[in-house]
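Enquirer: work36.pdb is the file, holding PDB, C-alpha atoms and all ligand atoms:
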```pdb
ATOM      1  CA  MET A   1     111.881 -13.813 243.112  1.00  0.00           C
ATOM      2  CA  ASP A   2     108.524 -14.147 244.800  1.00  0.00           C
ATOM      3  CA  ARG A   3     107.788 -17.495 246.300  1.00  0.00           C
ATOM      4  CA  LYS A   4     104.676 -18.843 244.630  1.00  0.00           C
ATOM      5  CA  ILE A   5     103.382 -22.091 246.087  1.00  0.00           C
ATOM      6  CA  ALA A   6     100.925 -24.255 244.171  1.00  0.00           C
ATOM      7  CA  ILE A   7      98.680 -26.205 246.523  1.00  0.00           C
ATOM      8  CA  ILE A   8      97.375 -29.252 244.694  1.00  0.00           C
ATOM      9  CA  GLY A   9      95.383 -32.200 245.993  1.00  0.00           C
ATOM     10  CA  ASP A  10      92.724 -34.836 245.405  1.00  0.00           C
ATOM     11  CA  ILE A  11      94.585 -35.763 242.244  1.00  0.00           C
ATOM     12  CA  HIS A  12      93.035 -39.203 242.445  1.00  0.00           C
ATOM     13  CA  ALA A  13      95.214 -40.884 239.831  1.00  0.00           C
ATOM     14  CA  ASN A  14      94.019 -38.578 237.047  1.00  0.00           C
ATOM     15  CA  LEU A  15      97.177 -38.216 234.940  1.00  0.00           C
ATOM     16  CA  GLU A  16      95.679 -35.903 232.295  1.00  0.00           C
ATOM     17  CA  ALA A  17      94.396 -33.475 234.943  1.00  0.00           C
ATOM     18  CA  LEU A  18      97.679 -33.553 236.875  1.00  0.00           C
ATOM     19  CA  ASN A  19      99.791 -32.848 233.789  1.00  0.00           C
ATOM     20  CA  ALA A  20      97.496 -29.987 232.729  1.00  0.00           C
ATOM     21  CA  VAL A  21      97.767 -28.446 236.203  1.00  0.00           C
ATOM     22  CA  LEU A  22     101.564 -28.758 236.224  1.00  0.00           C
ATOM     23  CA  ASP A  23     101.695 -27.051 232.809  1.00  0.00           C
ATOM     24  CA  ASP A  24      99.567 -24.237 234.219  1.00  0.00           C
ATOM     25  CA  CYS A  25     101.877 -24.001 237.254  1.00  0.00           C
ATOM     26  CA  ARG A  26     104.852 -23.522 234.940  1.00  0.00           C
ATOM     27  CA  ALA A  27     102.998 -20.828 233.014  1.00  0.00           C
ATOM     28  CA  GLN A  28     102.205 -19.118 236.335  1.00  0.00           C
ATOM     29  CA  SER A  29     105.900 -19.246 237.434  1.00  0.00           C
ATOM     30  CA  VAL A  30     105.147 -21.410 240.465  1.00  0.00           C
ATOM     31  CA  THR A  31     108.283 -22.013 242.571  1.00  0.00           C
ATOM     32  CA  ASP A  32     107.087 -24.604 245.112  1.00  0.00           C
ATOM     33  CA  PHE A  33     104.435 -27.268 245.568  1.00  0.00           C
ATOM     34  CA  PHE A  34     102.355 -28.477 248.503  1.00  0.00           C
ATOM     35  CA  CYS A  35     100.106 -31.523 248.154  1.00  0.00           C
ATOM     36  CA  THR A  36      96.972 -31.972 250.286  1.00  0.00           C
ATOM     37  CA  GLY A  37      96.763 -35.727 249.646  1.00  0.00           C
ATOM     38  CA  ASP A  38      94.581 -38.297 247.896  1.00  0.00           C
ATOM     39  CA  VAL A  39      97.119 -38.861 245.143  1.00  0.00           C
ATOM     40  CA  VAL A  40      95.421 -42.179 244.294  1.00  0.00           C
ATOM     41  CA  GLY A  41      91.881 -43.576 243.986  1.00  0.00           C
ATOM     42  CA  TYR A  42      88.965 -43.169 241.489  1.00  0.00           C
ATOM     43  CA  ASN A  43      91.031 -42.779 238.287  1.00  0.00           C
ATOM     44  CA  ALA A  44      93.303 -45.131 236.389  1.00  0.00           C
ATOM     45  CA  CYS A  45      96.898 -43.853 236.810  1.00  0.00           C
ATOM     46  CA  PRO A  46      97.836 -44.218 240.488  1.00  0.00           C
ATOM     47  CA  SER A  47     101.463 -45.248 239.970  1.00  0.00           C
ATOM     48  CA  GLU A  48     102.142 -42.593 237.303  1.00  0.00           C
ATOM     49  CA  CYS A  49     100.653 -39.796 239.437  1.00  0.00           C
ATOM     50  CA  LEU A  50     102.493 -40.966 242.541  1.00  0.00           C
ATOM     51  CA  LYS A  51     105.784 -40.910 240.631  1.00  0.00           C
ATOM     52  CA  ILE A  52     105.198 -37.332 239.433  1.00  0.00           C
ATOM     53  CA  ILE A  53     104.229 -36.088 242.897  1.00  0.00           C
ATOM     54  CA  ARG A  54     107.260 -37.734 244.475  1.00  0.00           C
ATOM     55  CA  GLU A  55     109.541 -36.205 241.845  1.00  0.00           C
ATOM     56  CA  LEU A  56     108.260 -32.751 242.807  1.00  0.00           C
ATOM     57  CA  GLY A  57     109.926 -33.416 246.181  1.00  0.00           C
ATOM     58  CA  CYS A  58     107.197 -31.445 247.939  1.00  0.00           C
ATOM     59  CA  PRO A  59     105.435 -31.867 251.284  1.00  0.00           C
ATOM     60  CA  VAL A  60     102.495 -34.290 250.947  1.00  0.00           C
ATOM     61  CA  VAL A  61      99.895 -35.114 253.614  1.00  0.00           C
ATOM     62  CA  LYS A  62      97.896 -38.321 253.751  1.00  0.00           C
ATOM     63  CA  GLY A  63      94.415 -38.487 252.214  1.00  0.00           C
ATOM     64  CA  ASN A  64      91.780 -41.061 253.102  1.00  0.00           C
ATOM     65  CA  HIS A  65      92.279 -42.897 249.797  1.00  0.00           C
ATOM     66  CA  ASP A  66      96.062 -42.957 250.299  1.00  0.00           C
ATOM     67  CA  HIS A  67      95.363 -44.321 253.776  1.00  0.00           C
ATOM     68  CA  TYR A  68      92.872 -47.012 252.747  1.00  0.00           C
ATOM     69  CA  VAL A  69      94.942 -48.201 249.792  1.00  0.00           C
ATOM     70  CA  ALA A  70      98.011 -48.577 252.010  1.00  0.00           C
ATOM     71  CA  SER A  71      96.329 -50.247 254.991  1.00  0.00           C
ATOM     72  CA  VAL A  72      94.554 -53.519 255.636  1.00  0.00           C
ATOM     73  CA  GLN A  73      91.348 -51.581 256.271  1.00  0.00           C
ATOM     74  CA  ASP A  74      88.061 -53.451 255.979  1.00  0.00           C
ATOM     75  CA  LEU A  75      86.122 -51.793 253.125  1.00  0.00           C
ATOM     76  CA  SER A  76      82.608 -52.985 253.998  1.00  0.00           C
ATOM     77  CA  ASP A  77      81.330 -49.546 255.075  1.00  0.00           C
ATOM     78  CA  PHE A  78      82.881 -47.842 252.035  1.00  0.00           C
ATOM     79  CA  ASN A  79      80.682 -46.886 249.111  1.00  0.00           C
ATOM     80  CA  PRO A  80      80.952 -49.718 246.547  1.00  0.00           C
ATOM     81  CA  HIS A  81      82.515 -47.579 243.789  1.00  0.00           C
ATOM     82  CA  ALA A  82      85.210 -46.334 246.139  1.00  0.00           C
ATOM     83  CA  ALA A  83      85.852 -49.849 247.498  1.00  0.00           C
ATOM     84  CA  ALA A  84      86.223 -51.328 243.983  1.00  0.00           C
ATOM     85  CA  VAL A  85      88.823 -48.709 243.111  1.00  0.00           C
ATOM     86  CA  VAL A  86      90.714 -49.166 246.383  1.00  0.00           C
ATOM     87  CA  GLU A  87      91.031 -52.896 245.606  1.00  0.00           C
ATOM     88  CA  TRP A  88      92.078 -52.198 242.013  1.00  0.00           C
ATOM     89  CA  THR A  89      94.590 -49.523 243.086  1.00  0.00           C
ATOM     90  CA  ARG A  90      96.230 -51.897 245.568  1.00  0.00           C
ATOM     91  CA  GLU A  91      96.951 -54.252 242.666  1.00  0.00           C
ATOM     92  CA  GLN A  92      98.581 -51.445 240.626  1.00  0.00           C
ATOM     93  CA  LEU A  93     101.056 -50.283 243.262  1.00  0.00           C
ATOM     94  CA  SER A  94     104.321 -51.801 244.388  1.00  0.00           C
ATOM     95  CA  TYR A  95     105.034 -52.604 248.018  1.00  0.00           C
ATOM     96  CA  GLU A  96     107.430 -49.649 248.087  1.00  0.00           C
ATOM     97  CA  GLU A  97     104.718 -47.279 246.782  1.00  0.00           C
ATOM     98  CA  MET A  98     102.219 -48.556 249.365  1.00  0.00           C
ATOM     99  CA  THR A  99     104.820 -48.035 252.093  1.00  0.00           C
ATOM    100  CA  TYR A 100     105.343 -44.464 250.912  1.00  0.00           C
ATOM    101  CA  LEU A 101     101.583 -43.793 251.144  1.00  0.00           C
ATOM    102  CA  ARG A 102     101.324 -45.513 254.513  1.00  0.00           C
ATOM    103  CA  ASP A 103     104.102 -43.356 255.976  1.00  0.00           C
ATOM    104  CA  LEU A 104     102.715 -39.974 254.860  1.00  0.00           C
ATOM    105  CA  PRO A 105     101.995 -37.569 257.741  1.00  0.00           C
ATOM    106  CA  PHE A 106      98.450 -36.352 258.479  1.00  0.00           C
ATOM    107  CA  VAL A 107      99.581 -32.765 259.030  1.00  0.00           C
ATOM    108  CA  TYR A 108     102.449 -30.614 257.746  1.00  0.00           C
ATOM    109  CA  THR A 109     103.317 -27.164 259.087  1.00  0.00           C
ATOM    110  CA  SER A 110     105.950 -24.758 257.763  1.00  0.00           C
ATOM    111  CA  MET A 111     106.470 -21.001 257.721  1.00  0.00           C
ATOM    112  CA  GLY A 112     103.028 -19.996 258.957  1.00  0.00           C
ATOM    113  CA  MET A 113     101.175 -22.480 256.774  1.00  0.00           C
ATOM    114  CA  THR A 114      99.506 -25.787 257.572  1.00  0.00           C
ATOM    115  CA  LEU A 115      98.490 -28.605 255.249  1.00  0.00           C
ATOM    116  CA  VAL A 116      95.911 -31.242 256.128  1.00  0.00           C
ATOM    117  CA  HIS A 117      93.740 -33.427 253.904  1.00  0.00           C
ATOM    118  CA  SER A 118      90.447 -33.047 255.769  1.00  0.00           C
ATOM    119  CA  THR A 119      90.433 -31.112 259.054  1.00  0.00           C
ATOM    120  CA  MET A 120      92.752 -30.522 262.012  1.00  0.00           C
ATOM    121  CA  ASP A 121      89.906 -31.767 264.220  1.00  0.00           C
ATOM    122  CA  TYR A 122      91.172 -35.393 264.439  1.00  0.00           C
ATOM    123  CA  PRO A 123      92.787 -35.477 260.959  1.00  0.00           C
ATOM    124  CA  GLU A 124      93.095 -39.281 261.105  1.00  0.00           C
ATOM    125  CA  ASN A 125      89.273 -39.534 261.108  1.00  0.00           C
ATOM    126  CA  PHE A 126      88.933 -37.655 257.778  1.00  0.00           C
ATOM    127  CA  GLY A 127      85.839 -35.645 258.725  1.00  0.00           C
ATOM    128  CA  TYR A 128      84.211 -33.401 256.111  1.00  0.00           C
ATOM    129  CA  VAL A 129      84.052 -29.627 256.530  1.00  0.00           C
ATOM    130  CA  PHE A 130      81.079 -28.111 254.735  1.00  0.00           C
ATOM    131  CA  ASP A 131      79.595 -25.780 257.353  1.00  0.00           C
ATOM    132  CA  HIS A 132      80.791 -23.254 259.910  1.00  0.00           C
ATOM    133  CA  LEU A 133      80.266 -25.615 262.879  1.00  0.00           C
ATOM    134  CA  GLN A 134      82.660 -28.151 261.367  1.00  0.00           C
ATOM    135  CA  ALA A 135      85.045 -25.293 260.549  1.00  0.00           C
ATOM    136  CA  GLU A 136      84.864 -24.026 264.164  1.00  0.00           C
ATOM    137  CA  ALA A 137      86.007 -27.438 265.419  1.00  0.00           C
ATOM    138  CA  HIS A 138      88.893 -27.259 262.960  1.00  0.00           C
ATOM    139  CA  PHE A 139      89.947 -23.708 263.923  1.00  0.00           C
ATOM    140  CA  ILE A 140      90.442 -24.734 267.566  1.00  0.00           C
ATOM    141  CA  LYS A 141      93.461 -26.732 266.314  1.00  0.00           C
ATOM    142  CA  GLN A 142      94.724 -24.360 263.596  1.00  0.00           C
ATOM    143  CA  ILE A 143      97.716 -22.425 264.945  1.00  0.00           C
ATOM    144  CA  THR A 144      98.948 -20.823 261.710  1.00  0.00           C
ATOM    145  CA  PRO A 145      97.200 -17.914 259.917  1.00  0.00           C
ATOM    146  CA  ILE A 146      96.402 -20.117 256.920  1.00  0.00           C
ATOM    147  CA  CYS A 147      95.675 -23.809 256.460  1.00  0.00           C
ATOM    148  CA  PHE A 148      95.072 -25.523 253.122  1.00  0.00           C
ATOM    149  CA  HIS A 149      92.973 -28.664 252.709  1.00  0.00           C
ATOM    150  CA  GLY A 150      90.805 -30.632 250.285  1.00  0.00           C
ATOM    151  CA  HIS A 151      88.796 -33.845 250.809  1.00  0.00           C
ATOM    152  CA  THR A 152      85.332 -32.515 249.810  1.00  0.00           C
ATOM    153  CA  HIS A 153      86.535 -31.677 246.277  1.00  0.00           C
ATOM    154  CA  VAL A 154      84.600 -28.403 246.597  1.00  0.00           C
ATOM    155  CA  PRO A 155      86.624 -25.158 246.669  1.00  0.00           C
ATOM    156  CA  MET A 156      85.571 -23.121 249.729  1.00  0.00           C
ATOM    157  CA  ILE A 157      86.987 -20.661 252.262  1.00  0.00           C
ATOM    158  CA  PHE A 158      86.326 -20.332 255.994  1.00  0.00           C
ATOM    159  CA  GLU A 159      87.393 -17.209 257.825  1.00  0.00           C
ATOM    160  CA  LYS A 160      87.821 -16.930 261.589  1.00  0.00           C
ATOM    161  CA  GLN A 161      87.431 -13.484 263.066  1.00  0.00           C
ATOM    162  CA  LEU A 162      86.917 -12.473 266.702  1.00  0.00           C
ATOM    163  CA  SER A 163      83.172 -12.345 266.033  1.00  0.00           C
ATOM    164  CA  GLY A 164      82.943 -15.895 264.670  1.00  0.00           C
ATOM    165  CA  VAL A 165      83.548 -18.226 261.741  1.00  0.00           C
ATOM    166  CA  TYR A 166      82.252 -17.351 258.285  1.00  0.00           C
ATOM    167  CA  ARG A 167      82.010 -19.309 255.051  1.00  0.00           C
ATOM    168  CA  ILE A 168      83.094 -17.416 251.943  1.00  0.00           C
ATOM    169  CA  ASP A 169      82.720 -18.431 248.292  1.00  0.00           C
ATOM    170  CA  PRO A 170      85.994 -19.418 246.660  1.00  0.00           C
ATOM    171  CA  GLN A 171      87.685 -16.255 245.421  1.00  0.00           C
ATOM    172  CA  ASP A 172      91.087 -14.626 245.161  1.00  0.00           C
ATOM    173  CA  PHE A 173      92.018 -12.683 248.298  1.00  0.00           C
ATOM    174  CA  LYS A 174      94.869 -11.073 250.178  1.00  0.00           C
ATOM    175  CA  LEU A 175      95.392 -12.640 253.580  1.00  0.00           C
ATOM    176  CA  PRO A 176      94.678  -9.937 256.171  1.00  0.00           C
ATOM    177  CA  PHE A 177      96.548  -9.879 259.495  1.00  0.00           C
ATOM    178  CA  GLY A 178      94.696 -10.902 262.645  1.00  0.00           C
ATOM    179  CA  ARG A 179      92.366 -13.468 261.087  1.00  0.00           C
ATOM    180  CA  LYS A 180      92.697 -17.143 260.256  1.00  0.00           C
ATOM    181  CA  TYR A 181      91.785 -18.858 257.015  1.00  0.00           C
ATOM    182  CA  PHE A 182      90.947 -22.459 256.177  1.00  0.00           C
ATOM    183  CA  VAL A 183      91.158 -22.769 252.405  1.00  0.00           C
ATOM    184  CA  ASN A 184      89.788 -25.730 250.473  1.00  0.00           C
ATOM    185  CA  VAL A 185      91.797 -25.863 247.247  1.00  0.00           C
ATOM    186  CA  GLY A 186      89.334 -28.112 245.377  1.00  0.00           C
ATOM    187  CA  SER A 187      90.310 -31.227 243.429  1.00  0.00           C
ATOM    188  CA  VAL A 188      92.744 -31.704 240.566  1.00  0.00           C
ATOM    189  CA  GLY A 189      91.419 -35.089 239.460  1.00  0.00           C
ATOM    190  CA  GLN A 190      87.717 -35.241 240.353  1.00  0.00           C
ATOM    191  CA  PRO A 191      86.102 -31.810 240.883  1.00  0.00           C
ATOM    192  CA  ARG A 192      82.634 -31.915 242.505  1.00  0.00           C
ATOM    193  CA  ASP A 193      81.454 -28.311 242.368  1.00  0.00           C
ATOM    194  CA  GLY A 194      79.763 -28.623 238.982  1.00  0.00           C
ATOM    195  CA  ASP A 195      82.831 -27.347 237.105  1.00  0.00           C
ATOM    196  CA  PRO A 196      84.726 -30.217 235.411  1.00  0.00           C
ATOM    197  CA  ARG A 197      87.983 -28.263 235.121  1.00  0.00           C
ATOM    198  CA  ALA A 198      90.876 -29.227 237.413  1.00  0.00           C
ATOM    199  CA  ALA A 199      91.135 -26.982 240.489  1.00  0.00           C
ATOM    200  CA  TYR A 200      94.084 -25.803 242.555  1.00  0.00           C
ATOM    201  CA  VAL A 201      95.360 -22.734 244.390  1.00  0.00           C
ATOM    202  CA  ILE A 202      98.473 -20.562 244.173  1.00  0.00           C
ATOM    203  CA  TYR A 203      99.695 -18.781 247.304  1.00  0.00           C
ATOM    204  CA  ASN A 204     102.108 -15.886 246.823  1.00  0.00           C
ATOM    205  CA  VAL A 205     103.915 -15.788 250.158  1.00  0.00           C
ATOM    206  CA  LYS A 206     105.306 -12.234 249.971  1.00  0.00           C
ATOM    207  CA  GLU A 207     102.107 -10.652 248.691  1.00  0.00           C
ATOM    208  CA  ARG A 208      99.958 -12.911 250.928  1.00  0.00           C
ATOM    209  CA  MET A 209      97.726 -13.511 247.893  1.00  0.00           C
ATOM    210  CA  VAL A 210      95.577 -16.612 247.473  1.00  0.00           C
ATOM    211  CA  THR A 211      94.562 -17.260 243.855  1.00  0.00           C
ATOM    212  CA  TYR A 212      92.167 -19.962 242.657  1.00  0.00           C
ATOM    213  CA  ARG A 213      92.995 -21.594 239.327  1.00  0.00           C
ATOM    214  CA  ARG A 214      90.786 -23.740 237.041  1.00  0.00           C
ATOM    215  CA  VAL A 215      92.390 -25.682 234.206  1.00  0.00           C
ATOM    216  CA  ASP A 216      90.884 -27.464 231.211  1.00  0.00           C
ATOM    217  CA  TYR A 217      92.249 -30.928 230.573  1.00  0.00           C
ATOM    218  CA  ASP A 218      91.620 -33.903 228.296  1.00  0.00           C
ATOM    219  CA  VAL A 219      88.627 -35.411 230.115  1.00  0.00           C
ATOM    220  CA  ALA A 220      87.922 -37.900 227.285  1.00  0.00           C
ATOM    221  CA  SER A 221      91.356 -39.523 227.662  1.00  0.00           C
ATOM    222  CA  ALA A 222      90.961 -39.834 231.440  1.00  0.00           C
ATOM    223  CA  GLN A 223      87.536 -41.445 230.876  1.00  0.00           C
ATOM    224  CA  GLU A 224      88.960 -43.829 228.306  1.00  0.00           C
ATOM    225  CA  ARG A 225      91.584 -44.993 230.806  1.00  0.00           C
ATOM    226  CA  ILE A 226      88.882 -45.640 233.444  1.00  0.00           C
ATOM    227  CA  ARG A 227      86.908 -47.762 230.955  1.00  0.00           C
ATOM    228  CA  MET A 228      90.015 -49.642 229.770  1.00  0.00           C
ATOM    229  CA  ALA A 229      90.881 -50.462 233.378  1.00  0.00           C
ATOM    230  CA  GLY A 230      87.368 -51.832 233.945  1.00  0.00           C
ATOM    231  CA  LEU A 231      86.641 -49.338 236.733  1.00  0.00           C
ATOM    232  CA  PRO A 232      82.993 -48.296 237.372  1.00  0.00           C
ATOM    233  CA  GLU A 233      81.431 -46.295 234.509  1.00  0.00           C
ATOM    234  CA  ARG A 234      80.042 -43.776 237.000  1.00  0.00           C
ATOM    235  CA  LEU A 235      83.634 -42.679 237.696  1.00  0.00           C
ATOM    236  CA  ALA A 236      84.104 -41.814 234.022  1.00  0.00           C
ATOM    237  CA  MET A 237      80.750 -40.022 233.735  1.00  0.00           C
ATOM    238  CA  ARG A 238      81.219 -37.775 236.757  1.00  0.00           C
ATOM    239  CA  LEU A 239      84.433 -36.261 235.328  1.00  0.00           C
ATOM    240  CA  GLU A 240      82.405 -34.779 232.472  1.00  0.00           C
ATOM    241  CA  VAL A 241      80.022 -32.893 234.763  1.00  0.00           C
ATOM    242  CA  GLY A 242      82.325 -32.244 237.691  1.00  0.00           C
ATOM    243  CA  GLU A 243      80.262 -33.867 240.415  1.00  0.00           C
TER     244      GLU A 243
HETATM  245 ZN    ZN A 301      89.503 -37.087 247.623  1.00  0.00          ZN
END
```
Hey, can you dump this file as structure tokens for me?
Ligand code: ZN
Expert:
Amino acid sequence: MDRKIAIIGDIHANLEALNAVLDDCRAQSVTDFFCTGDVVGYNACPSECLKIIRELGCPVVKGNHDHYVASVQDLSDFNPHAAAVVEWTREQLSYEEMTYLRDLPFVYTSMGMTLVHSTMDYPENFGYVFDHLQAEAHFIKQITPICFHGHTHVPMIFEKQLSGVYRIDPQDFKLPFGRKYFVNVGSVGQPRDGDPRAAYVIYNVKERMVTYRRVDYDVASAQERIRMAGLPERLAMRLEVGE
């Protein structure tokens, strides 16, 4: 059977979105999972989502929200919405769950694939990659033909050829030999590309095919949970518009 890996990330404690994505993975006959981090933050089900991800038994790399929730980081230069949720999330998690998040690796490499939350260019600094200059700095450290990441919540592809680094719109493609790819899989739990549907990617290892998936989920229920938890209203609103 073909090995089909679902690469999921930026779940951000959105239980409805995560469950909808896992249903879609089953329908797509996914065999393995990789997680690009940020399991918690922004939405109202951090413990539930963490439990599901851990039960998948898959490689997980550390996102900035996972990092901040599990550390004694000063939050004063955080945006206030993010800081409020980090504080709230800390109260929802057990010591054991925080320890799990704290001990996640920044980078995972296996069988010609790399996982990182943000960029290989100092992954512990969680820099954002939106343009080809930022991608060039990343590619200096990318050894494998393909690397999956998230962090910006915007699906995007960077390609490194001999002639330079190019940004490509998110699309399905077959990985050619002799080039490197840095693939942003988008966000399961808080998409920001104007499409509110949950985003993830399937990689068919044998066929070298990268496929983008978008999945409808029950946004209203996720919003209701945010409001019930007393988290900022803006976090509920943005789910509706995907920004
Ligand atoms: Zn994130």
Enquirer: Here is a test: counting all atoms listed in the file, which residue of A:Tyr68, A:Tyr100, A:Tyr122, A:Tyr95 is nearest to ligand ZN 301 (chain A)?
Expert: A:Tyr68
Enquirer: Quick one: everything within 12 Å of region 156-170 of chain A, counting all atoms listed in the file, minus sequence neighbours fewer than 5 positions away in the same chain. Send it as a PyMOL selection string.
Expert: chain A and resi 119+129-140+142-151+175-187+192-193+199-201+210-214
Enquirer: Sorted by chain and rising residue number, list the residues of chain A at most 9 Å from ligand ZN 301 (chain A) (counting only C-alpha atoms and all ligand atoms), each with its closest atom pair and distance in Å to one decimal, as JSON lines.
Expert:
```
{"residue": "A:Gly9", "atom": "CA", "partner": "A:ZN301", "partner_atom": "ZN", "distance": 7.8}
{"residue": "A:Asp10", "atom": "CA", "partner": "A:ZN301", "partner_atom": "ZN", "distance": 4.5}
{"residue": "A:Ile11", "atom": "CA", "partner": "A:ZN301", "partner_atom": "ZN", "distance": 7.5}
{"residue": "A:His12", "atom": "CA", "partner": "A:ZN301", "partner_atom": "ZN", "distance": 6.6}
{"residue": "A:Gly37", "atom": "CA", "partner": "A:ZN301", "partner_atom": "ZN", "distance": 7.7}
{"residue": "A:Asp38", "atom": "CA", "partner": "A:ZN301", "partner_atom": "ZN", "distance": 5.2}
{"residue": "A:Val39", "atom": "CA", "partner": "A:ZN301", "partner_atom": "ZN", "distance": 8.2}
{"residue": "A:Val40", "atom": "CA", "partner": "A:ZN301", "partner_atom": "ZN", "distance": 8.5}
{"residue": "A:Gly41", "atom": "CA", "partner": "A:ZN301", "partner_atom": "ZN", "distance": 7.8}
{"residue": "A:Tyr42", "atom": "CA", "partner": "A:ZN301", "partner_atom": "ZN", "distance": 8.7}
{"residue": "A:Gly63", "atom": "CA", "partner": "A:ZN301", "partner_atom": "ZN", "distance": 6.9}
{"residue": "A:Asn64", "atom": "CA", "partner": "A:ZN301", "partner_atom": "ZN", "distance": 7.1}
{"residue": "A:His65", "atom": "CA", "partner": "A:ZN301", "partner_atom": "ZN", "distance": 6.8}
{"residue": "A:His117", "atom": "CA", "partner": "A:ZN301", "partner_atom": "ZN", "distance": 8.4}
{"residue": "A:Gly150", "atom": "CA", "partner": "A:ZN301", "partner_atom": "ZN", "distance": 7.1}
{"residue": "A:His151", "atom": "CA", "partner": "A:ZN301", "partner_atom": "ZN", "distance": 4.6}
{"residue": "A:Thr152", "atom": "CA", "partner": "A:ZN301", "partner_atom": "ZN", "distance": 6.6}
{"residue": "A:His153", "atom": "CA", "partner": "A:ZN301", "partner_atom": "ZN", "distance": 6.3}
{"residue": "A:Ser187", "atom": "CA", "partner": "A:ZN301", "partner_atom": "ZN", "distance": 7.3}
{"residue": "A:Gly189", "atom": "CA", "partner": "A:ZN301", "partner_atom": "ZN", "distance": 8.6}
{"residue": "A:Gln190", "atom": "CA", "partner": "A:ZN301", "partner_atom": "ZN", "distance": 7.7}
```
Enquirer: What is the CA of Pro59 (chain A) to CA of Glu87 (chain A) distance in Å?
Expert: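 CA of Glu87 (chain A) lies at a distance of 26.1 Å from CA of Pro59 (chain A).
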Enquirer: Select, from A:Arg90, A:Arg26, A:Lys141, A:His81, the residue with the minimum atom-to-atom distance to Glu233 (chain A), counting all atoms listed in the file.
Expert: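 Ranking A:Arg90, A:Arg26, A:Lys141, A:His81 by distance to Glu233 (chain A), first place goes to A:His81.
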Enquirer: Give the answer as one residue: which of A:Phe78, A:Val116, A:Ala229, A:Tyr217 has the shortest atom-to-atom distance to Tyr128 (chain A), using all atoms listed in the file?
Expert: A:Val116
Enquirer: Please report the interatomic distance between CA of Gln92 (chain A) and CA of Pro46 (chain A) in Å with one decimal.
Expert: 7.3 Å
Enquirer: Carefully work through the PyMOL selection byres (((chain A and resi 4) around 8) and not hetatm) for this structure and note down the residues it includes, as a list of chain:residue names.
Expert: A:Asp2, A:Arg3, A:Ile5, A:Ala6, A:Ser29, A:Val30, A:Thr31, A:Asp32, A:Ile202, A:Tyr203, A:Asn204, A:Val205
Enquirer: Could you please determine the separation between CA of Met228 (chain A) and CA of Leu93 (chain A) in Å, to one decimal place?
Expert: 17.4 Å
Enquirer: Choose the residue, out of A:Leu50, A:Met209, A:Pro191, A:Thr114, that has the smallest atom-to-atom separation from Gln171 (chain A); count only C-alpha atoms.
Expert: A:Met209
Enquirer: Determine the nearest neighbour of Glu124 (chain A) from the options A:Val107, A:Ala236, A:Ala198, A:Ile53, counting all atoms listed in the file.
Expert: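 Counting all atoms listed in the file, the residue closest to Glu124 (chain A) is A:Val107.
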Enquirer: Go through A:Asp103, A:Pro155, A:Glu91, A:Gly230 one by one, measure the shortest atom-to-atom distance of each to Asp195 (chain A) using all atoms listed in the file, and give the residue with the smallest value.
Expert: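 Distance minimum relative to Asp195 (chain A) lands on A:Pro155.
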Enquirer: Since the input lacks some atoms of region 148-156 of chain A, please model N, CA, C and O atoms and print them as a PDB file, in the frame of the given file.
Expert:
```pdb
ATOM      1  N   PHE A 148      95.643 -25.045 254.382  1.00  0.00           N
ATOM      2  CA  PHE A 148      95.072 -25.523 253.122  1.00  0.00           C
ATOM      3  C   PHE A 148      94.616 -26.969 253.272  1.00  0.00           C
ATOM      4  O   PHE A 148      95.301 -27.780 253.905  1.00  0.00           O
ATOM      5  N   HIS A 149      93.470 -27.289 252.669  1.00  0.00           N
ATOM      6  CA  HIS A 149      92.973 -28.664 252.709  1.00  0.00           C
ATOM      7  C   HIS A 149      92.159 -28.972 251.465  1.00  0.00           C
ATOM      8  O   HIS A 149      92.036 -28.140 250.562  1.00  0.00           O
ATOM      9  N   GLY A 150      91.607 -30.192 251.426  1.00  0.00           N
ATOM     10  CA  GLY A 150      90.805 -30.632 250.285  1.00  0.00           C
ATOM     11  C   GLY A 150      89.683 -31.528 250.780  1.00  0.00           C
ATOM     12  O   GLY A 150      88.853 -31.107 251.561  1.00  0.00           O
ATOM     13  N   HIS A 151      89.675 -32.779 250.318  1.00  0.00           N
ATOM     14  CA  HIS A 151      88.796 -33.845 250.809  1.00  0.00           C
ATOM     15  C   HIS A 151      87.363 -33.777 250.280  1.00  0.00           C
ATOM     16  O   HIS A 151      86.820 -34.775 249.851  1.00  0.00           O
ATOM     17  N   THR A 152      86.707 -32.590 250.315  1.00  0.00           N
ATOM     18  CA  THR A 152      85.332 -32.515 249.810  1.00  0.00           C
ATOM     19  C   THR A 152      85.298 -32.334 248.296  1.00  0.00           C
ATOM     20  O   THR A 152      84.253 -32.515 247.683  1.00  0.00           O
ATOM     21  N   HIS A 153      86.427 -31.957 247.712  1.00  0.00           N
ATOM     22  CA  HIS A 153      86.535 -31.677 246.277  1.00  0.00           C
ATOM     23  C   HIS A 153      85.724 -30.436 245.880  1.00  0.00           C
ATOM     24  O   HIS A 153      85.400 -30.262 244.712  1.00  0.00           O
ATOM     25  N   VAL A 154      85.368 -29.623 246.855  1.00  0.00           N
ATOM     26  CA  VAL A 154      84.600 -28.403 246.597  1.00  0.00           C
ATOM     27  C   VAL A 154      85.401 -27.206 247.126  1.00  0.00           C
ATOM     28  O   VAL A 154      85.603 -27.084 248.335  1.00  0.00           O
ATOM     29  N   PRO A 155      85.875 -26.325 246.222  1.00  0.00           N
ATOM     30  CA  PRO A 155      86.624 -25.158 246.669  1.00  0.00           C
ATOM     31  C   PRO A 155      85.760 -24.303 247.601  1.00  0.00           C
ATOM     32  O   PRO A 155      84.568 -24.095 247.324  1.00  0.00           O
ATOM     33  N   MET A 156      86.345 -23.804 248.687  1.00  0.00           N
ATOM     34  CA  MET A 156      85.571 -23.121 249.729  1.00  0.00           C
ATOM     35  C   MET A 156      86.556 -22.433 250.673  1.00  0.00           C
ATOM     36  O   MET A 156      87.685 -22.895 250.826  1.00  0.00           O
TER      37      MET A 156
END
```
